[in-house]
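Structure data follow from run-v1.cif (mmCIF, C-alpha atoms):
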data_entry
loop_
_atom_site.label_atom_id
_atom_site.label_comp_id
_atom_site.auth_asym_id
_atom_site.auth_seq_id
_atom_site.Cartn_x
_atom_site.Cartn_y
_atom_site.Cartn_z
CA MET A 273 -46.92 10.67 -19.42
CA PRO A 274 -47.64 8.98 -22.74
CA ASP A 275 -44.61 6.69 -22.62
CA THR A 276 -45.82 4.99 -19.44
CA HIS A 277 -48.73 3.40 -21.36
CA VAL A 278 -46.21 1.29 -23.24
CA HIS A 279 -45.36 -0.54 -20.02
CA ARG A 280 -48.83 -0.82 -18.49
CA ALA A 281 -50.64 -4.17 -18.84
CA HIS A 282 -54.33 -3.66 -19.74
CA HIS A 283 -55.64 -5.26 -16.54
CA PHE A 284 -54.13 -2.54 -14.37
CA GLN A 285 -55.99 0.74 -13.92
CA ASP A 286 -52.84 2.76 -13.81
CA LEU A 287 -49.08 2.29 -13.77
CA GLY A 288 -48.88 3.04 -10.03
CA LYS A 289 -51.05 0.02 -9.20
CA GLN A 290 -49.01 -2.14 -11.58
CA VAL A 291 -45.70 -1.11 -10.01
CA HIS A 292 -47.11 -1.76 -6.55
CA ALA A 293 -48.24 -5.26 -7.60
CA GLU A 294 -44.89 -5.97 -9.25
CA ARG A 295 -42.96 -4.95 -6.16
CA LEU A 296 -45.21 -6.92 -3.80
CA GLY A 297 -44.87 -10.00 -6.04
CA MET A 298 -41.09 -9.69 -5.95
CA TRP A 299 -41.04 -9.31 -2.16
CA LEU A 300 -43.23 -12.42 -1.80
CA PHE A 301 -40.75 -14.30 -3.99
CA LEU A 302 -37.84 -13.01 -1.89
CA GLY A 303 -39.74 -14.18 1.21
CA THR A 304 -39.83 -17.72 -0.18
CA GLU A 305 -36.12 -17.45 -1.02
CA VAL A 306 -35.39 -16.51 2.59
CA LEU A 307 -37.35 -19.56 3.75
CA LEU A 308 -35.47 -21.79 1.26
CA PHE A 309 -32.14 -20.73 2.74
CA ALA A 310 -33.62 -20.93 6.25
CA GLY A 311 -33.73 -24.74 5.96
CA LEU A 312 -29.97 -24.80 5.48
CA PHE A 313 -29.31 -22.22 8.19
CA VAL A 314 -31.39 -24.29 10.63
CA GLY A 315 -29.49 -27.46 9.65
CA TYR A 316 -26.26 -25.56 10.24
CA SER A 317 -27.39 -24.35 13.72
CA PHE A 318 -28.52 -27.87 14.59
CA TYR A 319 -25.19 -29.51 13.78
CA ARG A 320 -23.17 -26.62 15.15
CA THR A 321 -24.92 -26.97 18.51
CA LEU A 322 -24.19 -30.71 18.46
CA TYR A 323 -20.53 -30.37 17.41
CA PRO A 324 -19.33 -26.91 18.53
CA HIS A 325 -15.68 -27.95 18.74
CA ALA A 326 -15.53 -29.72 15.36
CA PHE A 327 -17.27 -26.76 13.67
CA ALA A 328 -14.77 -24.28 15.15
CA GLU A 329 -11.82 -26.44 14.09
CA ALA A 330 -13.17 -27.09 10.59
CA SER A 331 -13.94 -23.40 10.02
CA HIS A 332 -10.23 -22.58 10.61
CA HIS A 333 -9.40 -24.59 7.50
CA LEU A 334 -11.41 -22.32 5.19
CA ASP A 335 -9.58 -19.49 3.44
CA THR A 336 -10.75 -16.50 5.53
CA PRO A 337 -8.92 -13.72 3.61
CA PHE A 338 -10.47 -15.07 0.42
CA GLY A 339 -13.93 -15.15 1.98
CA THR A 340 -13.41 -11.56 3.15
CA LEU A 341 -12.41 -10.48 -0.36
CA GLU A 342 -15.59 -12.13 -1.69
CA THR A 343 -17.61 -10.19 0.90
CA PHE A 344 -16.13 -6.86 -0.27
CA ASP A 345 -16.76 -7.90 -3.87
CA LEU A 346 -20.46 -8.61 -3.31
CA ILE A 347 -21.02 -5.49 -1.16
CA THR A 348 -19.44 -3.33 -3.87
CA SER A 349 -21.49 -5.06 -6.57
CA SER A 350 -24.63 -4.18 -4.58
CA LEU A 351 -23.54 -0.53 -4.55
CA ALA A 352 -22.97 -0.66 -8.34
CA MET A 353 -26.48 -2.12 -8.81
CA ALA A 354 -28.11 0.56 -6.64
CA LEU A 355 -26.21 3.23 -8.61
CA GLY A 356 -27.34 1.61 -11.88
CA ILE A 357 -30.99 2.07 -10.86
CA HIS A 358 -30.25 5.60 -9.68
CA PHE A 359 -28.73 6.50 -13.08
CA THR A 360 -31.74 5.14 -14.99
CA ARG A 361 -34.08 7.13 -12.75
CA THR A 362 -32.11 10.29 -13.44
CA GLY A 363 -32.05 9.59 -17.18
CA ARG A 364 -28.36 8.71 -17.58
CA ARG A 365 -28.61 5.55 -19.64
CA ARG A 366 -24.92 5.05 -20.48
CA LEU A 367 -23.84 5.34 -16.84
CA SER A 368 -26.63 2.97 -15.89
CA VAL A 369 -25.48 0.35 -18.42
CA ALA A 370 -21.89 0.71 -17.14
CA ALA A 371 -22.97 0.29 -13.49
CA VAL A 372 -25.07 -2.82 -14.21
CA ALA A 373 -22.25 -4.28 -16.34
CA LEU A 374 -19.87 -3.67 -13.43
CA THR A 375 -22.30 -5.51 -11.13
CA ILE A 376 -22.28 -8.49 -13.53
CA LEU A 377 -18.47 -8.47 -13.70
CA MET A 378 -18.22 -8.48 -9.90
CA GLY A 379 -20.72 -11.34 -9.78
CA LEU A 380 -18.50 -13.28 -12.19
CA ALA A 381 -15.43 -12.37 -10.10
CA PHE A 382 -17.19 -13.80 -7.04
CA LEU A 383 -17.88 -17.06 -8.88
CA GLY A 384 -14.26 -17.19 -10.06
CA MET A 385 -12.89 -16.69 -6.55
CA HIS A 386 -15.23 -19.29 -5.16
CA SER A 387 -14.17 -21.80 -7.83
CA VAL A 388 -10.57 -21.36 -6.67
CA GLU A 389 -11.71 -22.11 -3.10
CA TYR A 390 -13.72 -25.15 -4.19
CA ARG A 391 -10.72 -26.47 -6.14
CA HIS A 392 -8.50 -26.16 -3.06
CA GLU A 393 -11.08 -27.93 -0.86
CA TYR A 394 -11.56 -30.64 -3.47
CA LEU A 395 -7.81 -31.32 -3.61
CA GLU A 396 -7.54 -31.41 0.20
CA GLY A 397 -10.47 -33.83 0.51
CA MET A 398 -12.75 -31.44 2.48
CA LEU A 399 -15.73 -32.89 0.64
CA PRO A 400 -19.35 -33.39 1.69
CA GLY A 401 -20.73 -36.63 3.10
CA GLN A 402 -18.89 -39.90 2.59
CA TYR A 403 -16.38 -38.28 0.21
CA TYR A 404 -14.76 -36.47 3.12
CA HIS A 405 -11.13 -37.55 3.47
CA PHE A 406 -9.39 -34.47 4.92
CA ALA A 407 -6.37 -35.96 6.69
CA GLU A 408 -5.76 -32.99 9.03
CA LEU A 409 -9.17 -33.18 10.68
CA PRO A 410 -10.50 -36.72 11.23
CA LEU A 411 -12.96 -35.37 13.82
CA ALA A 412 -16.61 -36.45 14.27
CA GLY A 413 -18.76 -33.57 13.02
CA ALA A 414 -16.05 -31.94 10.85
CA SER A 415 -17.46 -33.65 7.77
CA LEU A 416 -20.89 -32.21 8.66
CA PHE A 417 -19.36 -28.71 8.67
CA PHE A 418 -18.03 -29.18 5.14
CA THR A 419 -21.32 -30.76 4.01
CA MET A 420 -23.18 -27.66 5.25
CA TYR A 421 -20.48 -25.43 3.75
CA PHE A 422 -20.89 -26.98 0.30
CA LEU A 423 -24.69 -26.97 0.45
CA MET A 424 -24.94 -23.37 1.65
CA THR A 425 -22.28 -21.83 -0.57
CA GLY A 426 -23.41 -24.08 -3.46
CA LEU A 427 -27.02 -22.89 -3.26
CA HIS A 428 -25.75 -19.33 -2.87
CA SER A 429 -23.48 -19.65 -5.93
CA LEU A 430 -26.43 -20.97 -7.97
CA HIS A 431 -28.25 -17.78 -6.98
CA VAL A 432 -25.27 -15.68 -8.07
CA ILE A 433 -25.31 -17.49 -11.45
CA ALA A 434 -29.07 -16.85 -11.78
CA GLY A 435 -28.52 -13.22 -10.75
CA VAL A 436 -25.80 -12.75 -13.37
CA GLY A 437 -28.21 -14.15 -15.99
CA VAL A 438 -31.06 -11.83 -14.96
CA LEU A 439 -28.78 -8.78 -14.79
CA THR A 440 -27.31 -9.55 -18.23
CA TYR A 441 -30.83 -9.50 -19.69
CA LEU A 442 -31.63 -6.26 -17.85
CA CYS A 443 -28.33 -4.69 -18.93
CA VAL A 444 -29.11 -5.37 -22.60
CA ARG A 445 -32.65 -3.98 -22.13
CA THR A 446 -31.24 -0.87 -20.45
CA TYR A 447 -28.75 -0.44 -23.28
CA ARG A 448 -31.61 -0.61 -25.80
CA GLY A 449 -33.45 2.11 -23.89
CA ALA A 450 -36.30 -0.03 -22.53
CA TYR A 451 -36.30 1.81 -19.19
CA SER A 452 -36.77 5.45 -18.42
CA PRO A 453 -37.06 7.77 -15.41
CA ALA A 454 -40.84 7.13 -15.64
CA TYR A 455 -40.61 3.33 -15.57
CA GLN A 456 -37.70 1.09 -14.58
CA THR A 457 -39.40 -1.48 -12.33
CA PRO A 458 -37.84 -4.61 -13.96
CA LEU A 459 -34.37 -3.17 -13.31
CA GLU A 460 -35.40 -2.38 -9.74
CA LEU A 461 -36.72 -5.94 -9.17
CA GLY A 462 -33.53 -7.47 -10.62
CA GLY A 463 -31.64 -5.26 -8.17
CA LEU A 464 -33.77 -6.55 -5.27
CA TYR A 465 -32.82 -10.12 -6.17
CA TRP A 466 -29.15 -9.20 -6.35
CA HIS A 467 -29.26 -7.45 -2.96
CA LEU A 468 -30.92 -10.49 -1.38
CA VAL A 469 -28.12 -12.72 -2.68
CA ASP A 470 -25.64 -10.24 -1.15
CA MET A 471 -27.57 -10.27 2.12
CA ILE A 472 -27.44 -14.08 2.35
CA TRP A 473 -23.68 -13.95 1.86
CA ILE A 474 -23.46 -11.38 4.69
CA PHE A 475 -24.69 -14.17 7.00
CA LEU A 476 -22.78 -17.03 5.37
CA TYR A 477 -19.47 -15.20 5.70
CA PRO A 478 -19.25 -14.99 9.53
CA LEU A 479 -20.98 -18.35 10.13
CA LEU A 480 -18.64 -20.29 7.83
CA TYR A 481 -15.36 -18.35 7.78
CA LEU A 482 -15.10 -16.48 11.08
CA ILE A 483 -16.57 -18.57 13.87
CA MET B 244 -49.33 12.17 -11.64
CA ALA B 245 -45.84 12.82 -10.37
CA SER B 246 -46.18 10.07 -7.80
CA ALA B 247 -47.79 7.53 -10.15
CA THR B 248 -44.96 5.04 -9.80
CA GLU B 249 -43.85 6.24 -6.36
CA THR B 250 -40.34 6.47 -7.65
CA HIS B 251 -38.09 8.50 -5.48
CA VAL B 252 -34.55 9.20 -6.47
CA SER B 253 -32.27 8.25 -3.62
CA SER B 254 -29.12 10.32 -3.52
CA PRO B 255 -25.93 8.58 -4.67
CA LEU B 256 -24.18 10.10 -1.65
CA ARG B 257 -26.43 8.09 0.68
CA LEU B 258 -25.71 4.91 -1.30
CA LEU B 259 -21.98 5.60 -1.05
CA LEU B 260 -22.18 6.23 2.70
CA VAL B 261 -23.98 2.92 3.21
CA TRP B 262 -21.29 1.18 1.14
CA VAL B 263 -18.59 2.76 3.35
CA ALA B 264 -20.48 1.59 6.46
CA LEU B 265 -20.80 -1.95 5.03
CA CYS B 266 -17.06 -2.08 4.29
CA ALA B 267 -16.21 -0.72 7.76
CA LEU B 268 -18.43 -3.36 9.40
CA THR B 269 -16.76 -6.09 7.30
CA VAL B 270 -13.34 -4.88 8.47
CA LEU B 271 -14.65 -4.83 12.06
CA THR B 272 -16.03 -8.39 11.95
CA PHE B 273 -12.83 -9.64 10.27
CA GLY B 274 -10.77 -7.85 12.97
CA LEU B 275 -12.88 -9.30 15.82
CA HIS B 276 -12.16 -12.75 14.36
CA HIS B 277 -8.54 -12.27 15.46
CA VAL B 278 -9.49 -11.20 19.00
CA ALA B 279 -10.26 -13.98 21.49
CA LEU B 280 -13.85 -13.13 22.48
CA GLY B 281 -14.77 -16.60 23.71
CA GLY B 282 -18.53 -17.01 24.03
CA TYR B 283 -19.16 -13.49 22.70
CA ALA B 284 -17.62 -14.15 19.27
CA LEU B 285 -20.78 -15.62 17.73
CA PRO B 286 -23.24 -13.02 19.10
CA ALA B 287 -20.86 -10.19 18.08
CA ALA B 288 -20.48 -11.54 14.52
CA LEU B 289 -24.25 -12.06 14.22
CA VAL B 290 -25.08 -8.55 15.48
CA ILE B 291 -22.71 -7.11 12.85
CA ALA B 292 -24.30 -9.30 10.15
CA VAL B 293 -27.81 -8.16 11.20
CA VAL B 294 -26.78 -4.48 11.08
CA LYS B 295 -25.19 -4.99 7.64
CA SER B 296 -28.23 -6.73 6.19
CA ALA B 297 -30.55 -4.12 7.73
CA LEU B 298 -28.55 -1.44 5.88
CA VAL B 299 -28.86 -3.39 2.62
CA ALA B 300 -32.61 -3.97 3.10
CA LEU B 301 -33.47 -0.42 4.17
CA VAL B 302 -31.28 1.60 1.78
CA PHE B 303 -30.20 -0.56 -1.19
CA MET B 304 -33.54 -2.40 -1.32
CA GLU B 305 -35.40 0.82 -0.40
CA LEU B 306 -37.61 -0.74 2.27
CA TRP B 307 -37.19 2.54 4.16
CA GLU B 308 -39.48 4.29 1.67
CA HIS B 309 -41.71 1.43 0.54
CA ARG B 310 -45.34 0.87 1.38
CA GLY B 311 -46.32 -1.29 4.34
CA ALA B 312 -47.09 -4.54 2.48
CA ASN B 313 -43.55 -5.11 1.21
CA ARG B 314 -42.06 -4.49 4.62
CA LEU B 315 -44.62 -6.80 6.22
CA VAL B 316 -43.85 -9.68 3.84
CA PHE B 317 -40.11 -9.46 4.50
CA ALA B 318 -40.47 -8.92 8.26
CA VAL B 319 -42.77 -11.95 8.55
CA SER B 320 -40.42 -14.23 6.61
CA VAL B 321 -37.51 -13.15 8.84
CA LEU B 322 -39.69 -13.74 11.94
CA PHE B 323 -40.54 -17.29 10.77
CA VAL B 324 -36.87 -18.04 10.15
CA LEU B 325 -36.03 -16.89 13.68
CA LEU B 326 -38.85 -19.04 15.12
CA LEU B 327 -37.75 -22.12 13.19
CA MET B 328 -34.11 -21.63 14.12
CA SER B 329 -34.64 -20.93 17.83
CA LEU B 330 -37.00 -23.90 18.23
CA ALA B 331 -34.58 -26.23 16.42
CA ILE B 332 -31.71 -25.08 18.66
CA ALA B 333 -33.93 -25.43 21.76
CA ASP B 334 -34.64 -29.00 20.64
CA VAL B 335 -30.94 -29.92 20.42
CA LEU B 336 -30.09 -28.19 23.68
CA THR B 337 -32.75 -30.08 25.65
CA ARG B 338 -32.02 -33.58 24.32
CA PHE B 339 -31.40 -36.34 26.85
CA PRO B 340 -30.05 -39.84 26.10
CA LEU B 341 -33.49 -41.45 25.50
CA ALA B 342 -34.35 -38.78 22.90
CA THR B 343 -31.05 -38.96 21.06
CA PRO B 344 -30.40 -41.05 17.95
CA THR B 345 -27.56 -43.50 18.42
CA GLY B 346 -24.12 -42.06 17.87
CA ILE B 347 -25.11 -38.42 18.27
CA PRO B 348 -23.76 -36.80 21.45
CA THR B 349 -26.11 -35.07 23.87
CA PHE B 350 -25.46 -31.44 24.75
CA PRO B 351 -23.37 -30.60 26.67
CA ALA B 352 -21.19 -33.44 25.43
CA PRO B 353 -20.20 -35.77 28.31
#

Final structure tokens representation of the file:
Amino acid sequence: MPDTHVHRAHHFQDLGKQVHAERLGMWLFLGTEVLLFAGLFVGYSFYRTLYPHAFAEASHHLDTPFGTLETFDLITSSLAMALGIHFTRTGRRRLSVAAVALTILMGLAFLGMHSVEYRHEYLEGMLPGQYYHFAELPLAGASLFFTMYFLMTGLHSLHVIAGVGVLTYLCVRTYRGAYSPAYQTPLELGGLYWHLVDMIWIFLYPLLYLI
Amino acid sequence: MASATETHVSSPLRLLLVWVALCALTVLTFGLHHVALGGYALPAALVIAVVKSALVALVFMELWEHRGANRLVFAVSVLFVLLLMSLAIADVLTRFPLATPTGIPTFPAP
């Protein structure tokens, strides 16, 4: 496999060891990402246990159909990403570029939909901390729900923005033929990041919109 | 050298089936939201979320086929999150007035 030498860094004996190290490094990074979000999830559980009623009431004021649409959007983008990697592995570069581009578009669609939600919440005064002035729900603890909502979805949206950036780079590299059935680890690692962002939303969706 | 990079080609059919399952579970959790489940609503929604993320991790993220180390890293981080979360909730649930900052209700609220 002469073309694999192009990708191998000199300090690795063979490409297999390099790919193993690359994957392990990515999983360690994803582990730290999980722990980063864990802080917010724990804060959410803490306040939710203290103010169960206010959290239930406040959650009814979020746009559930919109949140559901965003869930379908991210799940489908994850499928497109997985297919993109599959197409590179089977040597179909054009299809792969199309699938990754579709993933990016669905990421942008998610951000667009969430901006609409944020705008609505901003106009209604469902804002974090002392800026909370939502007239319909002057309940102790309701402001904490919206504070957690903005922190959790805000951090998640930052990850979507980062993911869109990474995938754009990988899409251009795929288009230029940088990856092949023999080596496509960067594309695979970008996919892992994207799936993690999807997975975090899978938990945010019921906790914020449904309960 | 066929297995040099340990790349396996997962079938697109399997990816599609997982996507269908993820969509079905989303419909299910959205549907359950409209059914009065009382105290079971949160556990039911969380079980569905765990199943969905397990599907993403095992199939989309390919943990099903990966070597032990990657699975171990992810499993341990999930375990630590569960520990942190359950201990934090246990803390709030067992508060009594002398251990509560002013203005924060004890649980169950009086």

Legend entry - Residues in the PyMOL selection byres ((chain A and resi 334-351) around 6), expressed as a PyMOL selection string: chain A and resi 331-333+352-354+375+378+382+467+470+481

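Look at B:Met304: the protein and nucleic acid residues within 9 Å of it, using all atoms listed in the file and passing over chain neighbours fewer than 2 places away, are A:Ala354, A:Glu460, A:Gly463, A:Leu464, A:His467, A:Leu468, B:Leu298, B:Val299, B:Ala300, B:Leu301, B:Val302, B:Leu306, B:Trp307.
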
Those residues you just picked out, can you put them in a file as a compact mmCIF listing (two decimals), in the coordinates of the input with C-alpha atoms?
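As a result, result17.txt now contains:
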# COMPACT_ATOMS: atom_id res chain seq x y z
CA ALA A 354 -28.11 0.56 -6.64
CA GLU A 460 -35.40 -2.38 -9.74
CA GLY A 463 -31.64 -5.26 -8.17
CA LEU A 464 -33.77 -6.55 -5.27
CA HIS A 467 -29.26 -7.45 -2.96
CA LEU A 468 -30.92 -10.49 -1.38
CA LEU B 298 -28.55 -1.44 5.88
CA VAL B 299 -28.86 -3.39 2.62
CA ALA B 300 -32.61 -3.97 3.10
CA LEU B 301 -33.47 -0.42 4.17
CA VAL B 302 -31.28 1.60 1.78
CA LEU B 306 -37.61 -0.74 2.27
CA TRP B 307 -37.19 2.54 4.16

Legend entry - At most 6 Å to chain A: residues in chain B, all atoms listed in the file, as an NGL selection string: :B and (247-248 or 276 or 292 or 296 or 303-304 or 313 or 317 or 320 or 324 or 328 or 332)

Residues from last step as file, C-alpha atoms, as a compact mmCIF listing (two decimals), in the coordinates of the input:
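Final output, saved to out10.txt:
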# COMPACT_ATOMS: atom_id res chain seq x y z
CA ALA B 247 -47.79 7.53 -10.15
CA THR B 248 -44.96 5.04 -9.80
CA HIS B 276 -12.16 -12.75 14.36
CA ALA B 292 -24.30 -9.30 10.15
CA SER B 296 -28.23 -6.73 6.19
CA PHE B 303 -30.20 -0.56 -1.19
CA MET B 304 -33.54 -2.40 -1.32
CA ASN B 313 -43.55 -5.11 1.21
CA PHE B 317 -40.11 -9.46 4.50
CA SER B 320 -40.42 -14.23 6.61
CA VAL B 324 -36.87 -18.04 10.15
CA MET B 328 -34.11 -21.63 14.12
CA ILE B 332 -31.71 -25.08 18.66

Legend entry - Gap from atom CA of A:Tyr403 to atom CA of A:Ala328 - Å, one decimal: 20.5 Å

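We find atom CA of B:Leu315 and atom CA of A:Glu294 to be spaced 15.5 Å apart.
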
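Picture a line from atom CA of A:Glu408 to atom CA of A:Val388; it runs 20.1 Å.
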
Legend entry - Shell of 9 Å around A:Phe418, only C-alpha atoms, local chain residues under 5 positions omitted, as a list in words: Phe327, Ala330, Ser331, Met398, Leu399, Pro400, Gly401, Tyr404 and Leu423 of chain A

Return the padded bounding box of stretch 254-269 of chain B as AutoDock Vina command-line options: axis-aligned, built from all atoms listed in the file, 4 Å added on each side, with centre and edge lengths in Å to one decimal.
--center_x -22.7 --center_y 2.1 --center_z 2.4 --size_x 20.9 --size_y 24.4 --size_z 22.1

Inset, instruction - To verify the selection step, state as number ranges by chain which residues the PyMOL selection byres ((chain A and resi 441) around 12) yields on this input. - result: A: 369, 372-373, 376, 434-440, 442-448, 450, 458-459, 462

Inset, instruction - Give me the residues within 10 Å of A:His386 as a ChimeraX atom specification, counting only C-alpha atoms and dropping any in the same chain fewer than 3 places off. - result: /A:338-339,342,380-383,389-392,425-426,429

Given the selection you just returned, output its residues as a file containing C-alpha atoms, formatted as a tab-separated table (two decimals), in the frame of the given file.
chain	number	residue	atom	x	y	z
A	338	PHE	CA	-10.47	-15.07	0.42
A	339	GLY	CA	-13.93	-15.15	1.98
A	342	GLU	CA	-15.59	-12.13	-1.69
A	380	LEU	CA	-18.50	-13.28	-12.19
A	381	ALA	CA	-15.43	-12.37	-10.10
A	382	PHE	CA	-17.19	-13.80	-7.04
A	383	LEU	CA	-17.88	-17.06	-8.88
A	389	GLU	CA	-11.71	-22.11	-3.10
A	390	TYR	CA	-13.72	-25.15	-4.19
A	391	ARG	CA	-10.72	-26.47	-6.14
A	392	HIS	CA	-8.50	-26.16	-3.06
A	425	THR	CA	-22.28	-21.83	-0.57
A	426	GLY	CA	-23.41	-24.08	-3.46
A	429	SER	CA	-23.48	-19.65	-5.93
